[in-house]
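Shown below: final_27.pdb, with PDB, C-alpha atoms.
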```
ATOM      1  CA  MET F  29     -96.207  17.116  15.674
ATOM      2  CA  PRO F  30     -99.257  14.859  15.687
ATOM      3  CA  PHE F  31     -97.072  11.786  16.151
ATOM      4  CA  SER F  32     -95.973  13.067  19.550
ATOM      5  CA  ARG F  33     -99.352  11.718  20.686
ATOM      6  CA  LEU F  34     -98.119   8.210  20.001
ATOM      7  CA  ALA F  35     -94.884   8.780  21.926
ATOM      8  CA  THR F  36     -96.849   9.262  25.138
ATOM      9  CA  ALA F  37     -99.415   6.509  24.532
ATOM     10  CA  THR F  38     -99.360   3.684  27.044
ATOM     11  CA  THR F  39    -101.300   0.956  25.228
ATOM     12  CA  PRO F  40     -99.085  -1.824  23.801
ATOM     13  CA  THR F  41    -100.717  -1.458  20.390
ATOM     14  CA  ALA F  42    -100.291   2.324  20.083
ATOM     15  CA  HIS F  43     -97.471   1.846  17.575
ATOM     16  CA  LEU F  44     -99.553  -0.430  15.379
ATOM     17  CA  GLY F  45    -101.699   1.415  12.853
ATOM     18  CA  LEU F  46    -104.590   0.462  10.606
ATOM     19  CA  GLY F  47    -104.265   0.960   6.846
ATOM     20  CA  LEU F  48    -107.473   1.138   4.811
ATOM     21  CA  ALA F  49    -106.156   0.051   1.402
ATOM     22  CA  ALA F  50    -107.875  -3.335   1.591
ATOM     23  CA  VAL F  51    -111.341  -2.110   2.578
ATOM     24  CA  GLY F  52    -111.703   1.281   0.902
ATOM     25  CA  ARG F  53    -112.262  -0.251  -2.539
ATOM     26  CA  PRO F  54    -113.529  -3.599  -3.853
ATOM     27  CA  GLY F  55    -110.302  -4.654  -5.588
ATOM     28  CA  TYR F  56    -106.772  -4.993  -4.211
ATOM     29  CA  ILE F  57    -103.721  -7.252  -4.591
ATOM     30  CA  THR F  58    -103.938  -9.052  -1.245
ATOM     31  CA  LEU F  59    -103.992 -12.854  -1.440
ATOM     32  CA  ASP F  60    -107.187 -14.724  -0.425
ATOM     33  CA  ARG F  61    -109.248 -11.566  -0.786
ATOM     34  CA  ALA F  62    -112.382 -13.482  -1.822
ATOM     35  CA  ALA F  63    -112.315 -15.379   1.465
ATOM     36  CA  ASP F  64    -112.003 -12.091   3.372
ATOM     37  CA  LEU F  65    -114.592  -9.990   1.553
ATOM     38  CA  GLY F  66    -116.766 -12.386  -0.420
ATOM     39  CA  GLU F  67    -117.680 -11.715  -4.032
ATOM     40  CA  GLY F  68    -119.920  -9.419  -6.060
ATOM     41  CA  ASP F  69    -122.703  -7.948  -3.946
ATOM     42  CA  ASP F  70    -120.653  -8.464  -0.786
ATOM     43  CA  ARG F  71    -118.434  -5.583  -1.882
ATOM     44  CA  THR F  72    -120.982  -2.806  -2.315
ATOM     45  CA  VAL F  73    -120.091   0.666  -1.117
ATOM     46  CA  GLU F  74    -122.330   0.332   1.924
ATOM     47  CA  ASN F  75    -121.018  -3.113   2.840
ATOM     48  CA  LEU F  76    -117.422  -1.929   2.716
ATOM     49  CA  ARG F  77    -118.364   1.216   4.617
ATOM     50  CA  THR F  78    -119.843  -0.975   7.363
ATOM     51  CA  ARG F  79    -116.807  -3.252   7.362
ATOM     52  CA  THR F  80    -114.447  -0.279   7.593
ATOM     53  CA  HIS F  81    -116.368   1.115  10.552
ATOM     54  CA  GLN F  82    -116.263  -2.266  12.288
ATOM     55  CA  LEU F  83    -112.510  -2.411  11.799
ATOM     56  CA  LEU F  84    -112.051   1.133  13.055
ATOM     57  CA  ASP F  85    -114.175   0.445  16.135
ATOM     58  CA  ALA F  86    -112.182  -2.707  16.896
ATOM     59  CA  ALA F  87    -108.829  -1.039  16.245
ATOM     60  CA  TYR F  88    -109.589   1.918  18.481
ATOM     61  CA  ALA F  89    -110.922  -0.315  21.262
ATOM     62  CA  GLN F  90    -107.674  -2.287  21.148
ATOM     63  CA  GLY F  91    -105.411   0.747  21.380
ATOM     64  CA  VAL F  92    -104.639   1.603  17.751
ATOM     65  CA  ARG F  93    -104.158   5.345  17.338
ATOM     66  CA  TYR F  94    -102.923   5.828  13.754
ATOM     67  CA  ILE F  95    -105.225   5.431  10.714
ATOM     68  CA  ASP F  96    -103.837   5.489   7.171
ATOM     69  CA  ALA F  97    -105.883   6.301   4.047
ATOM     70  CA  ALA F  98    -105.205   7.639   0.532
ATOM     71  CA  ARG F  99    -106.989   9.360  -2.317
ATOM     72  CA  SER F 100    -106.493   6.199  -4.411
ATOM     73  CA  TYR F 101    -107.932   3.830  -1.801
ATOM     74  CA  GLY F 102    -111.414   4.147  -3.287
ATOM     75  CA  ARG F 103    -113.657   5.700  -0.634
ATOM     76  CA  SER F 104    -111.309   5.203   2.304
ATOM     77  CA  GLU F 105    -111.233   8.895   3.237
ATOM     78  CA  GLU F 106    -115.020   9.061   3.050
ATOM     79  CA  PHE F 107    -115.467   5.945   5.201
ATOM     80  CA  LEU F 108    -112.974   7.275   7.745
ATOM     81  CA  ALA F 109    -114.610  10.712   7.856
ATOM     82  CA  ASP F 110    -118.025   9.103   8.398
ATOM     83  CA  TRP F 111    -116.620   7.073  11.284
ATOM     84  CA  LEU F 112    -115.000  10.115  12.888
ATOM     85  CA  LYS F 113    -118.324  11.952  12.757
ATOM     86  CA  ARG F 114    -120.073   8.949  14.285
ATOM     87  CA  ARG F 115    -117.468   8.736  17.034
ATOM     88  CA  PRO F 116    -117.119  12.250  18.516
ATOM     89  CA  ASP F 117    -115.388  10.643  21.502
ATOM     90  CA  VAL F 118    -112.410   9.777  19.294
ATOM     91  CA  THR F 119    -110.142  12.798  19.584
ATOM     92  CA  ASP F 120    -106.722  11.182  19.990
ATOM     93  CA  VAL F 121    -106.152   9.355  16.707
ATOM     94  CA  VAL F 122    -103.609  10.517  14.165
ATOM     95  CA  VAL F 123    -105.107  10.586  10.649
ATOM     96  CA  GLY F 124    -102.905  10.232   7.605
ATOM     97  CA  SER F 125    -103.743  10.244   3.920
ATOM     98  CA  LYS F 126    -101.828  10.366   0.643
ATOM     99  CA  TRP F 127    -101.992  12.119  -2.686
ATOM    100  CA  GLY F 128    -100.348  11.281  -6.001
ATOM    101  CA  TYR F 129    -102.546   8.461  -7.315
ATOM    102  CA  THR F 130    -106.089   8.819  -8.649
ATOM    103  CA  TYR F 131    -108.509   5.916  -8.215
ATOM    104  CA  THR F 132    -109.829   4.954 -11.658
ATOM    105  CA  ALA F 133    -111.457   1.528 -11.201
ATOM    106  CA  GLY F 134    -115.015   2.860 -10.835
ATOM    107  CA  TRP F 135    -115.784   0.452  -7.969
ATOM    108  CA  THR F 136    -114.988  -2.648 -10.018
ATOM    109  CA  THR F 137    -112.384  -5.397  -9.583
ATOM    110  CA  ASP F 138    -111.616  -5.931 -13.266
ATOM    111  CA  ALA F 139    -110.691  -2.441 -14.442
ATOM    112  CA  GLU F 140    -107.859  -2.161 -16.952
ATOM    113  CA  ARG F 141    -106.187   0.373 -14.639
ATOM    114  CA  HIS F 142    -107.075   0.748 -10.967
ATOM    115  CA  GLU F 143    -105.087   3.911 -10.288
ATOM    116  CA  VAL F 144    -103.084   6.526 -12.180
ATOM    117  CA  LYS F 145     -99.937   8.142 -10.775
ATOM    118  CA  ASP F 146     -99.325  11.895 -11.012
ATOM    119  CA  HIS F 147     -96.890  13.738  -8.721
ATOM    120  CA  SER F 148     -97.362  17.151 -10.316
ATOM    121  CA  LEU F 149     -98.223  20.345  -8.452
ATOM    122  CA  ALA F 150    -101.592  20.389 -10.222
ATOM    123  CA  ALA F 151    -102.366  16.898  -8.943
ATOM    124  CA  TYR F 152    -101.447  17.963  -5.414
ATOM    125  CA  GLU F 153    -103.677  21.029  -5.556
ATOM    126  CA  ARG F 154    -106.625  19.009  -6.861
ATOM    127  CA  GLN F 155    -106.280  16.121  -4.466
ATOM    128  CA  ARG F 156    -105.546  18.314  -1.439
ATOM    129  CA  ALA F 157    -108.835  20.124  -2.084
ATOM    130  CA  GLU F 158    -110.622  16.763  -2.346
ATOM    131  CA  THR F 159    -109.099  15.494   0.905
ATOM    132  CA  ASP F 160    -109.864  18.746   2.717
ATOM    133  CA  ALA F 161    -113.495  18.550   1.609
ATOM    134  CA  ILE F 162    -113.785  15.094   3.179
ATOM    135  CA  LEU F 163    -111.496  15.090   6.217
ATOM    136  CA  GLY F 164    -111.252  18.799   6.949
ATOM    137  CA  ASP F 165    -109.266  19.634  10.052
ATOM    138  CA  ARG F 166    -109.018  15.961  11.052
ATOM    139  CA  LEU F 167    -106.174  15.503   8.550
ATOM    140  CA  ASP F 168    -102.868  15.331  10.436
ATOM    141  CA  LEU F 169    -100.493  13.901   7.841
ATOM    142  CA  TYR F 170    -100.478  14.250   4.047
ATOM    143  CA  GLN F 171     -97.999  12.052   2.189
ATOM    144  CA  ILE F 172     -96.784  11.886  -1.391
ATOM    145  CA  HIS F 173     -97.867   8.431  -2.528
ATOM    146  CA  SER F 174     -95.166   5.985  -3.705
ATOM    147  CA  VAL F 175     -92.157   8.164  -4.379
ATOM    148  CA  THR F 176     -89.440   6.570  -6.505
ATOM    149  CA  PRO F 177     -85.981   8.035  -7.214
ATOM    150  CA  ASP F 178     -87.171   9.447 -10.550
ATOM    151  CA  SER F 179     -90.301  11.080  -9.142
ATOM    152  CA  PRO F 180     -90.681  14.756 -10.122
ATOM    153  CA  ALA F 181     -91.899  15.351  -6.572
ATOM    154  CA  LEU F 182     -88.264  15.193  -5.444
ATOM    155  CA  THR F 183     -87.155  18.096  -7.666
ATOM    156  CA  ASP F 184     -90.247  20.315  -8.162
ATOM    157  CA  LYS F 185     -89.435  23.470  -6.176
ATOM    158  CA  ASP F 186     -92.908  24.940  -6.677
ATOM    159  CA  LEU F 187     -94.438  21.791  -5.213
ATOM    160  CA  HIS F 188     -91.988  21.920  -2.307
ATOM    161  CA  ALA F 189     -93.038  25.497  -1.581
ATOM    162  CA  ARG F 190     -96.712  24.537  -1.487
ATOM    163  CA  LEU F 191     -96.000  21.574   0.767
ATOM    164  CA  ALA F 192     -94.017  23.838   3.066
ATOM    165  CA  GLU F 193     -97.047  26.162   3.240
ATOM    166  CA  ALA F 194     -99.179  23.208   4.312
ATOM    167  CA  ALA F 195     -96.631  22.343   6.979
ATOM    168  CA  ALA F 196     -96.657  25.913   8.260
ATOM    169  CA  GLN F 197    -100.431  25.639   8.595
ATOM    170  CA  GLY F 198    -100.119  22.560  10.801
ATOM    171  CA  VAL F 199    -100.331  19.564   8.447
ATOM    172  CA  THR F 200     -97.374  17.205   8.718
ATOM    173  CA  VAL F 201     -95.833  16.546   5.296
ATOM    174  CA  GLY F 202     -94.485  13.092   4.464
ATOM    175  CA  PHE F 203     -93.921  10.635   1.636
ATOM    176  CA  SER F 204     -94.236   6.929   0.971
ATOM    177  CA  THR F 205     -92.007   4.769  -1.196
ATOM    178  CA  SER F 206     -92.318   1.676  -3.349
ATOM    179  CA  GLY F 207     -90.231  -0.373  -5.758
ATOM    180  CA  PRO F 208     -86.792  -1.974  -5.612
ATOM    181  CA  ARG F 209     -85.011   1.370  -5.055
ATOM    182  CA  GLN F 210     -86.840   2.460  -1.926
ATOM    183  CA  ALA F 211     -83.589   3.221  -0.104
ATOM    184  CA  ASP F 212     -82.505   5.612  -2.878
ATOM    185  CA  ALA F 213     -85.886   7.354  -2.751
ATOM    186  CA  VAL F 214     -85.707   7.764   1.033
ATOM    187  CA  ARG F 215     -82.215   9.256   0.903
ATOM    188  CA  ALA F 216     -83.137  11.612  -1.930
ATOM    189  CA  ALA F 217     -86.184  12.824   0.000
ATOM    190  CA  LEU F 218     -84.105  13.411   3.121
ATOM    191  CA  ALA F 219     -82.068  15.910   1.117
ATOM    192  CA  VAL F 220     -85.109  18.017   0.121
ATOM    193  CA  THR F 221     -85.192  21.340   1.955
ATOM    194  CA  VAL F 222     -87.180  24.567   1.825
ATOM    195  CA  ASP F 223     -85.465  27.692   3.137
ATOM    196  CA  GLY F 224     -82.780  25.494   4.615
ATOM    197  CA  GLU F 225     -85.175  23.291   6.590
ATOM    198  CA  PRO F 226     -86.021  19.650   5.856
ATOM    199  CA  LEU F 227     -89.407  19.372   4.143
ATOM    200  CA  PHE F 228     -90.503  15.871   5.105
ATOM    201  CA  ARG F 229     -91.259  14.751   8.647
ATOM    202  CA  THR F 230     -92.478  11.192   7.981
ATOM    203  CA  VAL F 231     -91.626   8.344   5.626
ATOM    204  CA  GLN F 232     -93.776   5.283   4.882
ATOM    205  CA  SER F 233     -92.030   2.322   3.254
ATOM    206  CA  THR F 234     -92.519  -1.358   2.536
ATOM    207  CA  TYR F 235     -90.501  -3.485   4.956
ATOM    208  CA  ASN F 236     -91.092  -7.087   5.923
ATOM    209  CA  ILE F 237     -89.319 -10.414   6.433
ATOM    210  CA  LEU F 238     -89.028 -10.850   2.668
ATOM    211  CA  GLU F 239     -88.074  -7.246   1.759
ATOM    212  CA  THR F 240     -85.588  -5.584   4.120
ATOM    213  CA  SER F 241     -83.584  -3.476   1.668
ATOM    214  CA  ALA F 242     -84.930  -0.125   2.900
ATOM    215  CA  GLY F 243     -83.899  -0.819   6.502
ATOM    216  CA  PRO F 244     -80.611   1.145   6.605
ATOM    217  CA  ALA F 245     -82.168   4.163   4.876
ATOM    218  CA  LEU F 246     -85.146   4.082   7.241
ATOM    219  CA  ALA F 247     -82.724   4.035  10.173
ATOM    220  CA  GLU F 248     -81.106   7.149   8.696
ATOM    221  CA  ALA F 249     -84.515   8.795   8.364
ATOM    222  CA  HIS F 250     -85.292   7.982  11.992
ATOM    223  CA  ASP F 251     -81.945   9.434  13.089
ATOM    224  CA  ALA F 252     -82.796  12.572  11.098
ATOM    225  CA  GLY F 253     -85.969  12.978  13.161
ATOM    226  CA  LEU F 254     -88.584  11.530  10.809
ATOM    227  CA  THR F 255     -91.346   9.227  12.018
ATOM    228  CA  VAL F 256     -91.048   5.939  10.110
ATOM    229  CA  ILE F 257     -94.287   4.181   9.140
ATOM    230  CA  VAL F 258     -93.993   0.613   7.846
ATOM    231  CA  LYS F 259     -96.471  -0.687   5.268
ATOM    232  CA  GLU F 260     -96.976  -4.128   3.746
ATOM    233  CA  GLY F 261     -95.510  -5.904   6.745
ATOM    234  CA  MET F 262     -97.475  -8.959   5.622
ATOM    235  CA  ALA F 263     -96.163  -8.762   2.031
ATOM    236  CA  ASN F 264     -99.701  -8.589   0.602
ATOM    237  CA  GLY F 265    -100.636 -11.842   2.328
ATOM    238  CA  ARG F 266     -97.523 -13.836   1.435
ATOM    239  CA  LEU F 267     -96.598 -14.053   5.139
ATOM    240  CA  ALA F 268    -100.054 -15.102   6.340
ATOM    241  CA  ALA F 269    -101.141 -18.696   6.730
ATOM    242  CA  PRO F 270    -101.484 -20.744   4.544
ATOM    243  CA  HIS F 271     -98.949 -18.944   2.300
ATOM    244  CA  ALA F 272     -96.273 -18.367   4.944
ATOM    245  CA  PRO F 273     -92.917 -20.069   4.378
ATOM    246  CA  GLU F 274     -92.102 -23.036   6.615
ATOM    247  CA  PRO F 275     -89.604 -21.282   8.941
ATOM    248  CA  LEU F 276     -92.217 -18.629   9.739
ATOM    249  CA  ARG F 277     -94.868 -21.268  10.373
ATOM    250  CA  ALA F 278     -92.493 -23.092  12.716
ATOM    251  CA  VAL F 279     -91.675 -19.978  14.735
ATOM    252  CA  ALA F 280     -95.359 -19.064  14.914
ATOM    253  CA  GLU F 281     -96.165 -22.511  16.296
ATOM    254  CA  GLU F 282     -93.490 -22.056  18.959
ATOM    255  CA  THR F 283     -94.960 -18.724  20.048
ATOM    256  CA  GLY F 284     -98.537 -20.002  20.037
ATOM    257  CA  LEU F 285     -99.591 -17.079  17.852
ATOM    258  CA  GLY F 286    -100.261 -16.577  14.151
ATOM    259  CA  CYS F 287     -97.754 -16.192  11.354
ATOM    260  CA  ASP F 288     -99.082 -12.670  10.895
ATOM    261  CA  ALA F 289     -98.337 -11.668  14.495
ATOM    262  CA  VAL F 290     -94.802 -13.030  14.227
ATOM    263  CA  ALA F 291     -94.173 -11.321  10.885
ATOM    264  CA  LEU F 292     -95.306  -7.955  12.245
ATOM    265  CA  ALA F 293     -93.391  -8.496  15.496
ATOM    266  CA  VAL F 294     -90.154  -8.803  13.495
ATOM    267  CA  VAL F 295     -90.805  -5.320  12.115
ATOM    268  CA  LEU F 296     -91.921  -3.850  15.442
ATOM    269  CA  ARG F 297     -88.628  -4.724  17.072
ATOM    270  CA  GLU F 298     -86.684  -2.487  14.678
ATOM    271  CA  PRO F 299     -85.665   0.571  16.749
ATOM    272  CA  TRP F 300     -86.505   2.929  13.894
ATOM    273  CA  ALA F 301     -90.066   1.631  13.340
ATOM    274  CA  GLY F 302     -92.429   4.297  14.654
ATOM    275  CA  VAL F 303     -95.715   2.840  13.385
ATOM    276  CA  VAL F 304     -96.298  -0.563  11.784
ATOM    277  CA  LEU F 305     -99.487  -0.854   9.749
ATOM    278  CA  SER F 306    -101.996  -3.663   9.789
ATOM    279  CA  GLY F 307    -103.792  -4.032   6.474
ATOM    280  CA  ALA F 308    -106.483  -6.275   7.931
ATOM    281  CA  ALA F 309    -109.747  -6.762   6.057
ATOM    282  CA  THR F 310    -111.588  -8.499   8.921
ATOM    283  CA  VAL F 311    -111.799  -7.928  12.659
ATOM    284  CA  VAL F 312    -110.416 -11.446  13.239
ATOM    285  CA  GLN F 313    -107.360 -10.602  11.143
ATOM    286  CA  LEU F 314    -106.932  -7.294  12.926
ATOM    287  CA  THR F 315    -107.040  -8.875  16.369
ATOM    288  CA  SER F 316    -104.504 -11.485  15.297
ATOM    289  CA  ASN F 317    -102.243  -8.777  13.812
ATOM    290  CA  LEU F 318    -102.354  -6.790  17.045
ATOM    291  CA  HIS F 319    -100.991  -9.772  18.970
ATOM    292  CA  ALA F 320     -97.654  -8.746  17.417
ATOM    293  CA  ALA F 321     -97.195  -6.376  20.332
ATOM    294  CA  ALA F 322     -96.994  -9.380  22.680
ATOM    295  CA  VAL F 323     -94.569 -11.521  20.651
ATOM    296  CA  ASP F 324     -91.098 -11.870  22.190
ATOM    297  CA  LEU F 325     -88.790 -13.491  19.656
ATOM    298  CA  THR F 326     -85.510 -15.140  20.597
ATOM    299  CA  ASP F 327     -82.229 -14.591  18.796
ATOM    300  CA  ASP F 328     -82.451 -18.154  17.490
ATOM    301  CA  GLN F 329     -85.920 -17.587  16.054
ATOM    302  CA  LEU F 330     -84.830 -14.359  14.381
ATOM    303  CA  ALA F 331     -81.799 -16.121  12.913
ATOM    304  CA  ARG F 332     -84.042 -18.781  11.398
ATOM    305  CA  LEU F 333     -86.260 -16.148   9.785
ATOM    306  CA  ALA F 334     -83.437 -14.015   8.368
ATOM    307  CA  PRO F 335     -82.680 -16.262   5.335
ATOM    308  CA  LEU F 336     -86.221 -15.675   4.039
ATOM    309  CA  GLY F 337     -85.148 -12.289   2.697
ATOM    310  CA  GLU F 338     -85.268 -11.827  -1.074
ATOM    311  CA  THR F 339     -83.444  -9.385  -3.303
ATOM    312  CA  PRO F 340     -85.516  -6.232  -3.809
ATOM    313  CA  GLU F 341     -85.652  -6.927  -7.532
ATOM    314  CA  ALA F 342     -87.104 -10.412  -6.975
ATOM    315  CA  TYR F 343     -89.537  -9.200  -4.335
ATOM    316  CA  TRP F 344     -90.950  -6.358  -6.400
ATOM    317  CA  GLN F 345     -91.091  -8.456  -9.549
ATOM    318  CA  HIS F 346     -93.207 -10.995  -7.665
ATOM    319  CA  ARG F 347     -95.410  -8.246  -6.219
ATOM    320  CA  GLY F 348     -95.969  -6.916  -9.724
ATOM    321  CA  THR F 349     -97.484 -10.250 -10.764
ATOM    322  CA  LEU F 350    -100.137 -10.261  -8.026
ATOM    323  CA  PRO F 351    -103.590  -9.818  -9.591
ATOM    324  CA  TRP F 352    -106.206  -7.357  -8.390
ATOM    325  CA  HIS F 353    -108.881  -9.472  -6.711
TER     326      HIS F 353
END
```
As structure tokens, how would this structure be written, given the file I've shared?
Amino acid sequence: MPFSRLATATTPTAHLGLGLAAVGRPGYITLDRAADLGEGDDRTVENLRTRTHQLLDAAYAQGVRYIDAARSYGRSEEFLADWLKRRPDVTDVVVGSKWGYTYTAGWTTDAERHEVKDHSLAAYERQRAETDAILGDRLDLYQIHSVTPDSPALTDKDLHARLAEAAAQGVTVGFSTSGPRQADAVRAALAVTVDGEPLFRTVQSTYNILETSAGPALAEAHDAGLTVIVKEGMANGRLAAPHAPEPLRAVAEETGLGCDAVALAVVLREPWAGVVLSGAATVVQLTSNLHAAAVDLTDDQLARLAPLGETPEAYWQHRGTLPWH
């Protein structure tokens, strides 16, 4: 499996990945996005291409070896493919992408709908061809984007057969989850088999100080042999200064590092967390995020952070109110 490369990596940041959701398109739901990217002409295709390449250069130089894109992240696959061509020396990164959402914002920040979900076999066939045309044989992992318990992707046997064909050809097959019933989605996906063998080899879920409900199911996935990838460890900016809750700010001050590093460090210490994604939009943010690998939290500090957890219903309701900036 491609992720075996990370198991033998020696850099402290090898198990931190870089997600391209925030820089592959002009609009996203991260807080303080205007301060990160500027406005209007600052978010042209070429400007975001340049920014993405700067982030990828910085991430690779600092030991990051997993890059995460998606068909719905605007031009993220294109920007990543351009960078890989520009950097022929980079042969040891693991490249993941996702299918299941189509980007529909037309490179604007005020579209009525920014992406449309479709987990059908037809959508997979179309988007797999699109990804292959861009990333070619550099694609290591292809994930179903945002599976929920009612997703047809969990029951479509024809789709499962096609995904199993992809796996037999060397592409790792995984899924991501979202919503207040992530744990149910993970457990349902673990039960999906083709010819008696488990179909999925990775799972990517939201997990952070505020939203821990998927933790037990992710531990089960890890025990079943799946690589667990954690997304939204910063809760779309809610755990970054100046939005971070007071207990997190206090612990960060004690460590001498940023709220972001502490928040990601809490996730990194979970024994089932294989890769924890940074969603940084600037090199400064990325470097601060990567300090998570050096944070050593005490039991007392962890105990003070634990009460920050919300119910999954409250967390996802709040997330649903975040505007696209």
Next item on the list: Might you pull out every residue within 7 Å of segment 142-149 of chain F, with all atoms listed in the file counted and same-chain residues fewer than 2 positions away left off, and present them as JSON, numbers by chain?
Entry: {"F": [100, 128, 129, 130, 131, 132, 133, 139, 140, 151, 152, 153, 180, 181, 187]}
Checklist line | Result set, the PyMOL selection byres ((chain F and resi 248) around 12) on current file, as a PyMOL selection string | finding: chain F and resi 211-212+214-219+231+242-247+249-256+299-301
Leaving out segment 73-77 of chain F and any residue of its chain fewer than 2 positions from it, which residues lie within 8 Å of it when counting only C-alpha atoms, given as a CSV table (one decimal) with C-alpha atoms, keeping the file's coordinate frame?
```csv
chain,number,residue,atom,x,y,z
F,51,VAL,CA,-111.3,-2.1,2.6
F,52,GLY,CA,-111.7,1.3,0.9
F,53,ARG,CA,-112.3,-0.3,-2.5
F,54,PRO,CA,-113.5,-3.6,-3.9
F,70,ASP,CA,-120.7,-8.5,-0.8
F,71,ARG,CA,-118.4,-5.6,-1.9
F,79,ARG,CA,-116.8,-3.3,7.4
F,80,THR,CA,-114.4,-0.3,7.6
F,81,HIS,CA,-116.4,1.1,10.6
F,107,PHE,CA,-115.5,5.9,5.2
```
Note to self: Let me make sure I understand: among F:Asp120, F:Glu193, F:Glu282, F:Asp69, which one has the smallest atom-to-atom distance to Gly91 of chain F if we use all atoms listed in the file?
What the structure shows: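 Among the listed residues, the smallest separation from Gly91 of chain F belongs to F:Asp120.
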Margin query: Can you translate the PyMOL selection byres ((chain F and resi 209) around 9) into the concrete residues it hits in this file, as a VMD selection string?
Written below: chain F and resid 176 to 177 205 to 208 210 to 214 241 to 242 340 to 341
